[in-house]
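Have a look at run33.cif below; it lists mmCIF, C-alpha atoms.
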```cif
data_coords
loop_
_atom_site.label_atom_id
_atom_site.label_comp_id
_atom_site.auth_asym_id
_atom_site.auth_seq_id
_atom_site.Cartn_x
_atom_site.Cartn_y
_atom_site.Cartn_z
CA MET F 41 3.72 13.09 -14.73
CA ILE F 42 1.00 12.20 -12.22
CA ILE F 43 3.30 9.97 -10.15
CA ASP F 44 5.89 12.75 -9.84
CA VAL F 45 3.20 15.15 -8.62
CA LEU F 46 2.03 12.59 -6.04
CA ILE F 47 5.61 12.02 -4.83
CA VAL F 48 6.14 15.75 -4.34
CA LEU F 49 2.81 16.13 -2.52
CA VAL F 50 3.48 13.20 -0.19
CA VAL F 51 7.09 14.08 0.67
CA VAL F 52 6.60 17.84 0.98
CA GLY F 53 3.35 17.32 2.87
CA ALA F 54 5.05 14.94 5.30
CA ALA F 55 7.92 17.39 5.83
CA TRP F 56 5.43 20.22 6.47
CA VAL F 57 3.61 18.11 9.05
CA GLY F 58 6.97 17.45 10.73
CA PHE F 59 7.73 21.17 10.72
CA GLN F 60 4.37 22.01 12.26
CA ARG F 61 3.96 19.11 14.70
CA GLY F 62 7.45 17.78 15.28
CA LEU F 63 8.42 14.12 15.23
CA VAL F 64 6.59 12.31 18.02
CA GLN F 65 2.99 13.45 17.46
CA PRO F 66 2.62 12.58 13.74
CA LEU F 67 4.79 9.48 14.16
CA LEU F 68 2.54 8.02 16.86
CA ALA F 69 -0.55 8.91 14.83
CA GLU F 70 0.89 7.12 11.80
CA LEU F 71 1.95 4.07 13.82
CA PHE F 72 -1.42 3.70 15.53
CA ALA F 73 -3.30 4.03 12.23
CA LEU F 74 -0.88 1.70 10.40
CA VAL F 75 -1.19 -1.03 13.02
CA THR F 76 -4.99 -0.80 12.77
CA VAL F 77 -4.89 -1.07 8.98
CA LEU F 78 -2.50 -4.04 9.10
CA VAL F 79 -4.69 -5.87 11.61
CA ILE F 80 -7.77 -5.27 9.45
CA LEU F 81 -5.99 -6.39 6.27
CA HIS F 82 -4.63 -9.49 7.94
CA ASN F 83 -8.15 -10.43 9.08
CA ARG F 84 -10.09 -8.75 6.26
CA SER F 85 -12.53 -11.62 5.69
CA ALA F 86 -13.42 -11.84 9.38
CA PHE F 87 -13.61 -8.04 9.62
CA ALA F 88 -15.97 -7.82 6.64
CA ALA F 89 -18.17 -10.56 8.11
CA THR F 90 -18.24 -8.82 11.50
CA THR F 91 -19.16 -5.42 10.09
CA ASP F 92 -21.85 -7.03 7.96
CA ALA F 93 -23.32 -8.82 11.00
CA LEU F 94 -23.24 -5.71 13.19
CA PHE F 95 -24.16 -2.98 10.73
CA HIS F 96 -25.51 -4.91 7.71
CA THR F 97 -22.84 -3.28 5.53
CA GLY F 98 -21.55 -4.29 2.14
CA ALA F 99 -17.91 -4.46 1.04
CA VAL F 100 -17.65 -0.73 0.32
CA LEU F 101 -19.07 0.27 3.70
CA ALA F 102 -16.77 -2.24 5.39
CA VAL F 103 -13.83 -0.35 3.89
CA ILE F 104 -15.30 2.92 5.18
CA VAL F 105 -15.69 1.43 8.67
CA GLY F 106 -12.06 0.28 8.52
CA LEU F 107 -10.89 3.76 7.54
CA ILE F 108 -12.90 5.29 10.37
CA LEU F 109 -11.29 2.91 12.87
CA ALA F 110 -7.83 3.72 11.49
CA GLY F 111 -8.64 7.42 11.77
CA LEU F 112 -9.79 7.05 15.37
CA THR F 113 -6.69 5.15 16.44
CA GLY F 114 -4.54 7.66 14.57
CA TYR F 115 -6.28 10.45 16.48
CA LEU F 116 -5.52 8.71 19.77
CA GLY F 117 -1.88 8.41 18.75
CA ALA F 118 -1.80 12.09 17.82
CA ARG F 119 -3.27 13.09 21.19
CA LEU F 120 -0.66 11.02 23.01
CA GLY F 121 2.12 12.41 20.84
CA GLY F 122 0.86 15.96 21.35
CA SER F 123 1.29 15.60 25.10
CA ILE F 124 4.89 14.51 24.58
CA HIS F 125 5.53 17.24 22.00
CA ARG F 126 4.54 19.95 24.47
CA MET F 127 7.17 18.88 27.00
CA PRO F 128 9.90 21.58 27.08
CA VAL F 129 12.64 18.98 27.33
CA VAL F 130 11.83 17.48 23.92
CA ARG F 131 10.23 20.35 22.00
CA GLY F 132 13.31 21.83 20.27
CA VAL F 133 14.84 18.51 19.20
CA ASP F 134 11.42 17.11 18.34
CA GLY F 135 10.69 19.97 15.93
CA PHE F 136 14.09 19.74 14.21
CA LEU F 137 13.98 15.98 13.74
CA GLY F 138 10.34 16.08 12.68
CA VAL F 139 11.03 17.70 9.31
CA TRP F 140 13.66 15.19 8.24
CA VAL F 141 12.14 12.05 9.68
CA GLN F 142 8.68 12.84 8.31
CA ALA F 143 10.17 13.57 4.88
CA LEU F 144 11.89 10.17 5.06
CA ILE F 145 8.59 8.55 6.04
CA GLY F 146 7.00 10.23 3.02
CA ILE F 147 9.68 8.72 0.80
CA ALA F 148 9.09 5.33 2.45
CA ILE F 149 5.35 5.55 1.70
CA CYS F 150 6.09 6.40 -1.94
CA TYR F 151 8.59 3.53 -2.07
CA LEU F 152 5.98 1.03 -0.89
CA LEU F 153 3.43 2.30 -3.40
CA ILE F 154 5.92 2.11 -6.26
CA SER F 155 7.03 -1.34 -5.09
CA GLY F 156 3.41 -2.43 -5.39
CA ILE F 157 3.37 -1.29 -9.03
CA ILE F 158 6.62 -3.18 -9.69
CA VAL F 159 5.25 -6.35 -8.10
CA SER F 160 2.06 -6.05 -10.15
CA ASP F 161 4.02 -5.40 -13.34
CA ARG F 162 6.20 -8.47 -12.87
CA ALA F 163 3.31 -10.71 -11.86
CA PHE F 164 1.11 -9.89 -14.85
CA THR F 165 3.92 -9.61 -17.42
CA ALA F 166 4.75 -13.29 -16.85
CA LEU F 167 1.26 -14.24 -18.06
CA THR F 168 1.07 -14.65 -21.83
CA ALA F 169 -2.57 -15.74 -22.15
CA PRO F 170 -5.89 -14.33 -20.90
CA THR F 171 -6.59 -17.60 -19.07
CA VAL F 172 -4.63 -19.08 -16.17
CA ASN F 173 -4.46 -22.54 -14.68
CA ALA F 174 -4.35 -23.35 -10.97
CA ALA F 175 -0.53 -23.27 -10.75
CA GLN F 176 -0.34 -19.89 -12.52
CA LEU F 177 -3.06 -18.45 -10.31
CA ARG F 178 -1.29 -19.60 -7.14
CA THR F 179 1.98 -18.11 -8.38
CA LEU F 180 0.21 -14.83 -9.13
CA GLU F 181 -1.36 -14.81 -5.66
CA ASN F 182 2.00 -15.44 -4.00
CA GLN F 183 3.65 -12.62 -5.94
CA LEU F 184 0.92 -10.12 -5.13
CA SER F 185 0.86 -11.18 -1.47
CA SER F 186 4.49 -10.08 -1.09
CA ASN F 187 3.46 -6.41 -1.12
CA LEU F 188 1.20 -4.67 1.39
CA PHE F 189 -0.86 -2.82 -1.20
CA THR F 190 -1.25 -5.49 -3.89
CA SER F 191 -2.14 -8.11 -1.27
CA THR F 192 -5.32 -6.21 -0.48
CA VAL F 193 -6.90 -7.22 -3.82
CA LEU F 194 -6.95 -10.86 -2.77
CA ASP F 195 -10.01 -11.97 -0.85
CA GLY F 196 -9.90 -15.43 0.71
CA PRO F 197 -13.30 -16.89 -0.30
CA ASP F 198 -13.12 -15.52 -3.86
CA VAL F 199 -9.58 -16.77 -4.34
CA GLN F 200 -10.52 -20.27 -3.17
CA THR F 201 -13.50 -20.36 -5.53
CA PHE F 202 -11.45 -19.37 -8.56
CA ASN F 203 -8.58 -21.68 -7.60
CA ALA F 204 -11.06 -24.54 -7.94
CA ARG F 205 -12.29 -23.25 -11.30
CA ALA F 206 -8.70 -22.80 -12.53
CA SER F 207 -8.04 -26.48 -11.86
CA ARG F 208 -10.52 -27.47 -14.56
CA PRO F 209 -9.52 -27.91 -18.21
CA GLY F 210 -9.09 -24.53 -19.91
CA GLY F 211 -8.41 -22.71 -16.66
CA VAL F 212 -10.17 -19.47 -15.76
CA GLN F 213 -10.28 -16.04 -17.37
CA LEU F 214 -8.08 -13.73 -15.32
CA SER F 215 -10.44 -10.84 -16.05
CA ASP F 216 -13.20 -12.78 -14.26
CA VAL F 217 -11.29 -13.01 -10.96
CA PRO F 218 -12.48 -10.21 -8.64
CA GLY F 219 -9.70 -7.73 -7.96
CA LEU F 220 -7.13 -9.30 -10.28
CA GLY F 221 -8.78 -8.34 -13.58
CA PRO F 222 -9.19 -4.63 -12.69
CA LEU F 223 -5.70 -4.54 -11.17
CA GLN F 224 -4.18 -5.93 -14.37
CA THR F 225 -5.96 -3.32 -16.49
CA ILE F 226 -5.06 -0.39 -14.22
CA SER F 227 -1.48 -1.58 -13.88
CA ARG F 228 -0.96 -2.10 -17.63
CA ASP F 229 -2.78 0.96 -18.96
CA ILE F 230 -2.16 3.60 -16.28
CA LEU F 231 0.37 2.83 -13.57
CA GLU F 232 3.19 1.23 -15.56
CA PRO F 233 3.36 3.95 -18.27
CA GLN F 234 3.27 6.65 -15.58
CA LEU F 235 6.00 4.97 -13.57
CA ALA F 236 8.18 4.34 -16.63
CA GLY F 237 8.12 8.08 -17.43
CA SER F 238 8.64 9.29 -13.86
CA HIS F 239 11.67 11.48 -13.08
CA LEU F 240 11.41 11.19 -9.28
CA ALA F 241 10.71 7.46 -8.93
CA PRO F 242 14.41 6.48 -9.39
CA PHE F 243 15.36 8.81 -6.52
CA VAL F 244 12.62 7.39 -4.29
CA MET F 245 13.65 3.81 -5.03
CA SER F 246 17.35 4.58 -4.46
CA VAL F 247 16.66 6.12 -1.04
CA GLY F 248 13.96 3.65 -0.01
CA HIS F 249 16.15 0.68 -0.93
CA ARG F 250 18.62 1.81 1.76
CA ILE F 251 16.02 1.94 4.54
CA PRO F 252 16.44 -1.31 6.51
CA GLY F 253 13.59 -3.77 6.14
CA LEU F 254 11.63 -1.68 3.65
CA GLY F 255 12.04 -3.74 0.50
CA PRO F 256 14.37 -5.32 -2.04
CA PHE F 257 13.63 -3.09 -5.04
CA GLY F 258 15.92 -0.38 -6.36
CA SER F 259 15.86 2.08 -9.23
CA ARG F 260 16.93 -0.64 -11.69
CA ASP F 261 13.70 -2.53 -11.01
CA LEU F 262 11.49 0.24 -12.40
CA PRO F 263 9.61 -0.61 -15.60
CA ARG F 264 11.04 0.84 -18.81
CA ARG F 265 9.24 2.67 -21.57
CA ARG F 266 7.78 0.29 -24.14
#
```
Please, can you express the file's structure as structure tokens?
Amino acid sequence: MIIDVLIVLVVVGAAWVGFQRGLVQPLLAELFALVTVLVILHNRSAFAATTDALFHTGAVLAVIVGLILAGLTGYLGARLGGSIHRMPVVRGVDGFLGVWVQALIGIAICYLLISGIIVSDRAFTALTAPTVNAAQLRTLENQLSSNLFTSTVLDGPDVQTFNARASRPGGVQLSDVPGLGPLQTISRDILEPQLAGSHLAPFVMSVGHRIPGLGPFGSRDLPRRR
């Protein structure tokens, strides 16, 4: 299964990075890049407007600019961590802990991705018609906003526009809402069947569920084969 292959690549890759670079260097790189991404996502409308004003970029190029910024801050974190990693007093312990902690971080990343699929599955399964009213659209938005990855499909101005349209008689076609329509199709036709047939996802969810503050989902929350 594709999801099982991705889990192996992420976890083994993270462990290999920990073996090569220790704990501190990749951890600081990841933290710096993650903070940058979270700041951009939290202010994505303002960020898109700023990049458009400065560079006359569209939405796709705004994403590229965001990735470049995350890469630059991650590089700064890696440089700082590399200086710490080279200190003799921390090098041995840093290398030993790096393998295990980075593997755990890899599992945490997979957990968050799978949690996003679960959130999407639950949000769209509750809808029984192709059209939604304002209350249903707000509920859907709240559910998707609870996960880091699914929240990125919601764009403030577009959501407000379609909330107004959903308030009218007959509601609005979910497939017409930017981000939500494609997410529903991808989730239903690709992600959910892959996740339901995964052999490694239950292990990831069991471990990730025990990491404090990571999320409420466990292996029992995975979608079943239909």
Counting only C-alpha atoms, which residues have an atom no more than 10 Å from (-2.0, -22.4, -15.4) in the file's coordinates? Please list them as a PDB file with C-alpha atoms, in the frame of the given file.
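The resulting out-v3.pdb:
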```pdb
ATOM      1  CA  LEU F 167       1.260 -14.240 -18.060  1.00  0.00           C
ATOM      2  CA  ALA F 169      -2.570 -15.740 -22.150  1.00  0.00           C
ATOM      3  CA  THR F 171      -6.590 -17.600 -19.070  1.00  0.00           C
ATOM      4  CA  VAL F 172      -4.630 -19.080 -16.170  1.00  0.00           C
ATOM      5  CA  ASN F 173      -4.460 -22.540 -14.680  1.00  0.00           C
ATOM      6  CA  ALA F 174      -4.350 -23.350 -10.970  1.00  0.00           C
ATOM      7  CA  ALA F 175      -0.530 -23.270 -10.750  1.00  0.00           C
ATOM      8  CA  GLN F 176      -0.340 -19.890 -12.520  1.00  0.00           C
ATOM      9  CA  LEU F 177      -3.060 -18.450 -10.310  1.00  0.00           C
ATOM     10  CA  ARG F 178      -1.290 -19.600  -7.140  1.00  0.00           C
ATOM     11  CA  THR F 179       1.980 -18.110  -8.380  1.00  0.00           C
ATOM     12  CA  ALA F 206      -8.700 -22.800 -12.530  1.00  0.00           C
ATOM     13  CA  SER F 207      -8.040 -26.480 -11.860  1.00  0.00           C
ATOM     14  CA  ARG F 208     -10.520 -27.470 -14.560  1.00  0.00           C
ATOM     15  CA  PRO F 209      -9.520 -27.910 -18.210  1.00  0.00           C
ATOM     16  CA  GLY F 210      -9.090 -24.530 -19.910  1.00  0.00           C
ATOM     17  CA  GLY F 211      -8.410 -22.710 -16.660  1.00  0.00           C
ATOM     18  CA  VAL F 212     -10.170 -19.470 -15.760  1.00  0.00           C
TER      19      VAL F 212
END
```
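For the point (-5.1, 2.2, 15.4), the residues with an atom at a distance of at most 8 Å are F:Leu71, F:Phe72, F:Ala73, F:Leu74, F:Val75, F:Thr76, F:Val77, F:Leu109, F:Ala110, F:Gly111, F:Leu112, F:Thr113, F:Gly114, F:Leu116, F:Gly117, counting only C-alpha atoms.
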### Neighbour list for Leu67 in chain F as a list in words, cut-off 8 Å, only C-alpha atoms, skip fewer than 3 positions in-chain
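In the requested format, the answer is Leu63, Val64, Glu70, Leu71, Ala118, Gly121 and Gln142 of chain F.
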### Task
Using CA of Ile251 in chain F and CA of Ala148 in chain F as the two end points, give the distance in Å to one decimal.
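CA of Ile251 in chain F sits 8.0 Å away from CA of Ala148 in chain F.
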### Query
Quick one: of F:Asn187, F:Ser246, F:Ser155, F:Ser123, who's nearest to Leu231 in chain F, counting all atoms listed in the file?
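Closest to Leu231 in chain F of all the choices is F:Ser155.
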### Result set of the PyMOL selection byres ((chain F and resi 45) around 12) on the coordinates above, as a PyMOL selection string
chain F and resi 41-44+46-53+150+234-235+238-241
#### Entry: Residues in the PyMOL selection byres ((chain F and resi 143) around 8), expressed as a PyMOL selection string
chain F and resi 51-52+54-55+58+139-142+144-147
Serialized selection, C-alpha atoms, as a PDB file, keeping the file's coordinate frame:
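The resulting again-v7.pdb:
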```pdb
ATOM      1  CA  VAL F  51       7.090  14.080   0.670  1.00  0.00           C
ATOM      2  CA  VAL F  52       6.600  17.840   0.980  1.00  0.00           C
ATOM      3  CA  ALA F  54       5.050  14.940   5.300  1.00  0.00           C
ATOM      4  CA  ALA F  55       7.920  17.390   5.830  1.00  0.00           C
ATOM      5  CA  GLY F  58       6.970  17.450  10.730  1.00  0.00           C
ATOM      6  CA  VAL F 139      11.030  17.700   9.310  1.00  0.00           C
ATOM      7  CA  TRP F 140      13.660  15.190   8.240  1.00  0.00           C
ATOM      8  CA  VAL F 141      12.140  12.050   9.680  1.00  0.00           C
ATOM      9  CA  GLN F 142       8.680  12.840   8.310  1.00  0.00           C
ATOM     10  CA  LEU F 144      11.890  10.170   5.060  1.00  0.00           C
ATOM     11  CA  ILE F 145       8.590   8.550   6.040  1.00  0.00           C
ATOM     12  CA  GLY F 146       7.000  10.230   3.020  1.00  0.00           C
ATOM     13  CA  ILE F 147       9.680   8.720   0.800  1.00  0.00           C
TER      14      ILE F 147
END
```
### Message
So that I can see what lies close to Ser259 in chain F, please list as a PyMOL selection string the residues with an atom at most 9 Å from it, counting only C-alpha atoms and leaving out residues fewer than 2 positions away in the same chain.
### Response
chain F and resi 241-246+249+257+261-262
#### Entry: Coordinates-based distance that separates CA of Leu220 in chain F from CA of Pro256 in chain F (Å, one decimal)
23.4 Å
### Task
Just give me the gap between CA of Thr225 in chain F and CA of Ser186 in chain F in Å, one decimal is fine.
19.8 Å
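Residue nearest Glu232 in chain F within the list F:Leu107, F:Tyr151, F:Pro66, F:Ile157: F:Ile157 [criterion: smallest interatomic distance, all atoms listed in the file].
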### Summary
Of F:Gln65, F:Ser160, F:Gln60, F:Ser227, the one sitting nearest Asn182 in chain F when using all atoms listed in the file is F:Ser160
### For Asp216 in chain F, the nearest of the candidates F:Gln183, F:Thr201, F:Pro263, F:Gly248, counting only C-alpha atoms
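Of all the options, F:Thr201 lies closest to Asp216 in chain F.
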